[in-house]
file start_26.cif (mmCIF, C-alpha atoms)
data_data
loop_
_atom_site.group_PDB
_atom_site.id
_atom_site.type_symbol
_atom_site.label_atom_id
_atom_site.label_comp_id
_atom_site.auth_asym_id
_atom_site.auth_seq_id
_atom_site.Cartn_x
_atom_site.Cartn_y
_atom_site.Cartn_z
ATOM 1 C CA MET A 206 -5.665 -2.686 -16.737
ATOM 2 C CA ARG A 207 -2.788 -0.525 -15.625
ATOM 3 C CA LYS A 208 -3.204 3.023 -16.815
ATOM 4 C CA THR A 209 0.445 3.784 -16.231
ATOM 5 C CA GLU A 210 3.449 1.763 -17.303
ATOM 6 C CA LYS A 211 6.107 3.874 -15.587
ATOM 7 C CA VAL A 212 7.546 3.945 -12.104
ATOM 8 C CA LEU A 213 8.613 7.551 -11.733
ATOM 9 C CA LEU A 214 11.702 8.760 -9.922
ATOM 10 C CA VAL A 215 12.116 7.049 -6.563
ATOM 11 C CA LYS A 216 12.725 9.509 -3.731
ATOM 12 C CA ALA A 217 15.671 8.540 -1.523
ATOM 13 C CA PHE A 218 14.776 10.360 1.728
ATOM 14 C CA PRO A 219 14.179 9.106 4.347
ATOM 15 C CA TYR A 220 14.247 5.744 2.533
ATOM 16 C CA PRO A 221 13.445 4.824 -1.074
ATOM 17 C CA HIS A 222 9.757 5.406 -1.892
ATOM 18 C CA VAL A 223 7.583 6.463 -4.814
ATOM 19 C CA ILE A 224 3.983 7.435 -5.573
ATOM 20 C CA VAL A 225 2.486 6.245 -8.872
ATOM 21 C CA LYS A 226 -0.664 8.275 -9.585
ATOM 22 C CA ASP A 227 -3.557 7.047 -11.758
ATOM 23 C CA PHE A 228 -2.377 3.449 -11.531
ATOM 24 C CA LEU A 229 -5.515 1.747 -12.892
ATOM 25 C CA ASP A 230 -7.846 2.759 -15.704
ATOM 26 C CA GLU A 231 -11.374 3.793 -14.657
ATOM 27 C CA SER A 232 -13.184 0.624 -15.776
ATOM 28 C CA THR A 233 -10.735 -1.644 -13.930
ATOM 29 C CA LEU A 234 -10.902 0.613 -10.892
ATOM 30 C CA ASP A 235 -14.711 0.318 -10.792
ATOM 31 C CA LEU A 236 -14.570 -3.495 -11.162
ATOM 32 C CA VAL A 237 -11.945 -3.824 -8.413
ATOM 33 C CA ILE A 238 -13.842 -1.612 -5.959
ATOM 34 C CA ASP A 239 -17.069 -3.554 -6.614
ATOM 35 C CA ALA A 240 -15.243 -6.860 -6.071
ATOM 36 C CA LEU A 241 -13.652 -5.625 -2.826
ATOM 37 C CA ALA A 242 -17.040 -4.374 -1.587
ATOM 38 C CA GLY A 243 -18.348 -7.934 -1.913
ATOM 39 C CA LEU A 244 -15.666 -9.456 0.330
ATOM 40 C CA GLU A 245 -15.999 -10.249 4.012
ATOM 41 C CA TYR A 246 -13.721 -8.290 6.343
ATOM 42 C CA ASP A 247 -12.686 -9.283 9.856
ATOM 43 C CA PHE A 248 -12.028 -6.687 12.531
ATOM 44 C CA LYS A 249 -8.434 -6.841 13.772
ATOM 45 C CA GLU A 250 -7.301 -4.959 16.855
ATOM 46 C CA SER A 251 -4.313 -4.841 19.181
ATOM 47 C CA ASP A 252 -2.300 -2.131 20.869
ATOM 48 C CA LEU A 253 -0.500 -1.591 17.516
ATOM 49 C CA PHE A 254 -3.421 -1.530 15.079
ATOM 50 C CA SER A 255 -7.145 -1.287 14.523
ATOM 51 C CA TYR A 256 -8.637 -2.040 11.077
ATOM 52 C CA TRP A 257 -10.774 -4.429 9.028
ATOM 53 C CA ALA A 258 -8.912 -6.976 6.874
ATOM 54 C CA SER A 259 -9.959 -9.238 4.022
ATOM 55 C CA VAL A 260 -8.649 -12.713 3.424
ATOM 56 C CA GLU A 261 -5.480 -12.998 1.346
ATOM 57 C CA LEU A 262 -6.349 -11.926 -2.199
ATOM 58 C CA THR A 263 -3.401 -13.736 -3.737
ATOM 59 C CA ASP A 264 -5.318 -16.962 -4.362
ATOM 60 C CA ILE A 265 -8.899 -15.709 -4.841
ATOM 61 C CA ASP A 266 -10.281 -16.548 -8.273
ATOM 62 C CA HIS A 267 -12.426 -13.552 -9.190
ATOM 63 C CA PRO A 268 -12.195 -11.763 -12.569
ATOM 64 C CA ALA A 269 -11.537 -8.277 -11.143
ATOM 65 C CA ILE A 270 -9.136 -9.544 -8.455
ATOM 66 C CA ASN A 271 -7.289 -11.565 -11.114
ATOM 67 C CA ILE A 272 -6.860 -8.413 -13.237
ATOM 68 C CA LEU A 273 -5.640 -6.453 -10.205
ATOM 69 C CA ARG A 274 -3.216 -9.209 -9.228
ATOM 70 C CA ASP A 275 -1.823 -9.201 -12.790
ATOM 71 C CA ASP A 276 -1.600 -5.399 -12.891
ATOM 72 C CA LEU A 277 0.348 -5.327 -9.626
ATOM 73 C CA GLY A 278 2.366 -8.490 -10.094
ATOM 74 C CA ASP A 279 2.937 -9.482 -13.698
ATOM 75 C CA GLU A 280 6.527 -10.065 -14.775
ATOM 76 C CA LEU A 281 6.826 -6.806 -16.732
ATOM 77 C CA TRP A 282 5.614 -4.621 -13.827
ATOM 78 C CA ARG A 283 7.746 -6.503 -11.259
ATOM 79 C CA LYS A 284 10.778 -5.900 -13.488
ATOM 80 C CA LYS A 285 10.003 -2.157 -13.712
ATOM 81 C CA VAL A 286 9.579 -1.925 -9.927
ATOM 82 C CA ALA A 287 12.843 -3.807 -9.315
ATOM 83 C CA GLU A 288 14.691 -1.534 -11.762
ATOM 84 C CA ALA A 289 13.242 1.635 -10.207
ATOM 85 C CA PHE A 290 14.366 0.552 -6.730
ATOM 86 C CA SER A 291 17.623 -1.069 -7.930
ATOM 87 C CA SER A 292 16.561 -4.214 -6.100
ATOM 88 C CA LYS A 293 17.136 -7.863 -6.824
ATOM 89 C CA PRO A 294 14.516 -9.470 -9.105
ATOM 90 C CA LEU A 295 11.013 -9.630 -7.647
ATOM 91 C CA SER A 296 9.478 -13.088 -7.909
ATOM 92 C CA SER A 297 5.975 -12.741 -6.478
ATOM 93 C CA ILE A 298 3.492 -10.567 -4.617
ATOM 94 C CA ASP A 299 0.966 -11.049 -1.890
ATOM 95 C CA MET A 300 -2.032 -8.838 -1.287
ATOM 96 C CA ALA A 301 -5.013 -8.196 0.970
ATOM 97 C CA ALA A 302 -7.603 -5.451 1.297
ATOM 98 C CA TYR A 303 -7.873 -3.265 4.404
ATOM 99 C CA VAL A 304 -10.559 -0.855 5.528
ATOM 100 C CA TYR A 305 -9.768 1.786 8.138
ATOM 101 C CA GLY A 306 -12.795 3.510 9.705
ATOM 102 C CA LEU A 307 -13.231 6.218 12.319
ATOM 103 C CA GLY A 308 -10.592 5.783 15.051
ATOM 104 C CA ASP A 309 -8.654 3.046 13.212
ATOM 105 C CA PHE A 310 -4.852 3.263 12.890
ATOM 106 C CA LEU A 311 -1.622 1.327 12.357
ATOM 107 C CA LEU A 312 1.290 2.318 14.612
ATOM 108 C CA PRO A 313 4.958 2.513 13.501
ATOM 109 C CA HIS A 314 6.548 -0.642 12.121
ATOM 110 C CA ASP A 315 9.124 -1.502 9.434
ATOM 111 C CA ASP A 316 7.534 -4.466 7.507
ATOM 112 C CA GLN A 317 10.690 -6.606 7.827
ATOM 113 C CA VAL A 318 9.262 -10.105 7.538
ATOM 114 C CA GLU A 319 10.282 -13.055 5.360
ATOM 115 C CA GLU A 320 11.460 -12.130 1.858
ATOM 116 C CA ARG A 321 9.694 -8.772 1.603
ATOM 117 C CA ILE A 322 11.618 -6.439 -0.694
ATOM 118 C CA ILE A 323 9.130 -3.696 -1.674
ATOM 119 C CA ALA A 324 5.905 -2.794 0.165
ATOM 120 C CA TYR A 325 2.971 -1.339 -1.737
ATOM 121 C CA SER A 326 -0.424 0.150 -1.026
ATOM 122 C CA LEU A 327 -3.035 0.955 -3.680
ATOM 123 C CA HIS A 328 -5.441 3.590 -2.376
ATOM 124 C CA LEU A 329 -9.102 3.327 -3.337
ATOM 125 C CA THR A 330 -10.926 6.009 -1.303
ATOM 126 C CA PRO A 331 -12.180 8.916 -3.429
ATOM 127 C CA GLU A 332 -11.763 12.501 -2.282
ATOM 128 C CA ILE A 333 -9.787 11.780 0.889
ATOM 129 C CA THR A 334 -8.167 14.827 2.469
ATOM 130 C CA GLU A 335 -5.511 15.381 5.106
ATOM 131 C CA ASP A 336 -8.195 16.501 7.616
ATOM 132 C CA MET A 337 -9.814 13.058 7.437
ATOM 133 C CA GLY A 338 -6.704 11.295 8.754
ATOM 134 C CA GLY A 339 -5.298 8.050 7.417
ATOM 135 C CA SER A 340 -2.146 9.507 5.869
ATOM 136 C CA LEU A 341 0.818 7.209 5.364
ATOM 137 C CA GLN A 342 3.446 8.729 7.635
ATOM 138 C CA ILE A 343 7.039 7.797 6.952
ATOM 139 C CA PHE A 344 9.757 8.263 9.530
ATOM 140 C CA ASN A 345 13.378 9.285 9.472
ATOM 141 C CA VAL A 346 15.342 7.260 12.019
ATOM 142 C CA ASP A 347 18.813 8.491 12.998
ATOM 143 C CA GLU A 348 21.817 6.437 14.117
ATOM 144 C CA ASN A 349 20.614 6.662 17.760
ATOM 145 C CA ASN A 350 17.205 5.216 16.796
ATOM 146 C CA ASN A 351 15.471 8.555 17.360
ATOM 147 C CA SER A 352 12.635 8.978 14.916
ATOM 148 C CA LYS A 353 10.425 11.741 13.604
ATOM 149 C CA ILE A 354 7.855 11.958 10.827
ATOM 150 C CA ALA A 355 9.669 12.941 7.634
ATOM 151 C CA ASP A 356 6.649 12.930 5.307
ATOM 152 C CA SER A 357 2.898 12.516 5.545
ATOM 153 C CA ILE A 358 1.466 11.145 2.305
ATOM 154 C CA ILE A 359 -2.252 11.618 1.693
ATOM 155 C CA PRO A 360 -3.603 8.329 0.260
ATOM 156 C CA GLU A 361 -4.972 9.827 -2.958
ATOM 157 C CA TYR A 362 -7.531 7.893 -4.970
ATOM 158 C CA ASN A 363 -5.975 5.426 -7.428
ATOM 159 C CA SER A 364 -2.427 6.107 -6.249
ATOM 160 C CA LEU A 365 0.060 3.316 -5.679
ATOM 161 C CA ILE A 366 2.621 4.016 -2.964
ATOM 162 C CA MET A 367 5.681 1.760 -2.862
ATOM 163 C CA PHE A 368 8.736 1.723 -0.623
ATOM 164 C CA GLU A 369 11.792 -0.396 0.011
ATOM 165 C CA VAL A 370 11.517 -2.635 3.066
ATOM 166 C CA SER A 371 14.517 -2.299 5.375
ATOM 167 C CA LYS A 372 15.473 -1.614 8.975
ATOM 168 C CA HIS A 373 14.916 2.072 8.088
ATOM 169 C CA SER A 374 11.423 1.755 6.555
ATOM 170 C CA TRP A 375 9.459 2.827 9.628
ATOM 171 C CA HIS A 376 5.964 4.019 8.750
ATOM 172 C CA GLN A 377 2.437 4.171 10.120
ATOM 173 C CA VAL A 378 -1.142 4.865 9.072
ATOM 174 C CA GLY A 379 -2.410 7.915 10.938
ATOM 175 C CA GLU A 380 -5.656 7.632 12.867
ATOM 176 C CA ILE A 381 -8.859 8.090 10.852
ATOM 177 C CA LEU A 382 -10.417 11.294 12.194
ATOM 178 C CA GLN A 383 -13.715 11.413 10.291
ATOM 179 C CA ASP A 384 -16.485 8.967 9.440
ATOM 180 C CA ILE A 385 -14.936 7.586 6.237
ATOM 181 C CA GLN A 386 -13.722 4.226 5.019
ATOM 182 C CA ARG A 387 -10.088 4.250 3.876
ATOM 183 C CA LEU A 388 -9.888 1.294 1.461
ATOM 184 C CA THR A 389 -6.522 -0.041 0.324
ATOM 185 C CA VAL A 390 -5.047 -3.103 -1.295
ATOM 186 C CA THR A 391 -1.734 -3.654 0.398
ATOM 187 C CA GLY A 392 1.019 -6.216 0.095
ATOM 188 C CA TRP A 393 4.645 -6.892 -0.681
ATOM 189 C CA TYR A 394 6.870 -7.809 -3.564
ATOM 190 C CA HIS A 395 9.072 -10.753 -2.620
ATOM 191 C CA GLY A 396 12.540 -11.658 -3.837
#

call {"tool": "encode", "arguments": {"input": "start_26.cif", "output": "structure tokens"}}
result
Amino acid sequence: MRKTEKVLLVKAFPYPHVIVKDFLDESTLDLVIDALAGLEYDFKESDLFSYWASVELTDIDHPAINILRDDLGDELWRKKVAEAFSSKPLSSIDMAAYVYGLGDFLLPHDDQVEERIIAYSLHLTPEITEDMGGSLQIFNVDENNNSKIADSIIPEYNSLIMFEVSKHSWHQVGEILQDIQRLTVTGWYHG
């Protein structure tokens, strides 16, 4: 179950984003991590990314995944997210799990695909530090399309990071620098 029922103040710079800490209660968190550990992951690699990805979790019928899907995507939470971001109503979510290991990364991109309104990433790696790599780096892009990192967000355990998808929402996952597994459930709220 969700431990928090509030979406705190959305930061506007460099584009709307928010971090919700302690998103799930401990028992749900344990069930979700156990369920994700039992999934098969395929290695995906190109010049833009290197990571391990699960199948889509949106349609998997598993008790812990069902709870997670409800916690992230039930009508009440979608309404709170839409209100916090002043977006149009959010109708659905999709989700998948990703594991980033030593040397894995995801280069800058903006997530503009289909009807994506809000991107989210629930971080499930305990005791991750900046030295380990894997921070979510968000960019400020000026009117001449010059970009620079505006913030580097450490993917703290049980934190849910959300941001508005737009032509300005450039972000990346920094390279993993130590022998860890950065586990996330990531997806999008659709309009």

call {"tool": "residues_around", "arguments": {"input": "start_26.cif", "residues": "Leu244 of chain A", "least_positions_apart": "6", "cutoff": "10 Å", "atoms": "only C-alpha atoms", "output": "PyMOL selection string"}}
result
chain A and resi 258-260+262+302

call {"tool": "resolve_selection", "arguments": {"input": "start_26.cif", "expression": "the PyMOL selection byres ((chain A and resi 389) around 8)", "output": "list in words"}}
result
Ala302, Tyr303, Val304, Ser326, Leu327, His328, Leu329, Thr330, Arg387, Leu388, Val390 and Thr391 of chain A

call {"tool": "closest_residue", "arguments": {"input": "start_26.cif", "among": "A:Phe344, A:Phe310, A:Phe368, A:Tyr394", "to": "Gly278 of chain A", "atoms": "only C-alpha atoms"}}
result
A:Tyr394

call {"tool": "residues_around", "arguments": {"input": "start_26.cif", "residues": "segment 210-217 of chain A", "least_positions_apart": "2", "cutoff": "12 Å", "atoms": "only C-alpha atoms", "output": "VMD selection string"}}
result
chain A and resid 206 to 208 219 to 230 276 to 277 279 281 to 291 345 355 to 356 364 to 369 373 to 374

call {"tool": "atom_distance", "arguments": {"input": "start_26.cif", "atom1": "atom CA of Asp347 of chain A", "atom2": "atom CA of Ala324 of chain A"}}
result
21.4 Å

call {"tool": "atom_distance", "arguments": {"input": "start_26.cif", "atom1": "atom CA of Ile238 of chain A", "atom2": "atom CA of Ile358 of chain A"}}
result
21.6 Å

call {"tool": "axis_aligned_box", "arguments": {"input": "start_26.cif", "around": "segment 308-325 of chain A", "padding_each_side": "8 Å", "output": "JSON"}}
result
{"center_x": 0.5, "center_y": -3.6, "center_z": 6.7, "size_x": 38.2, "size_y": 34.8, "size_z": 32.8}
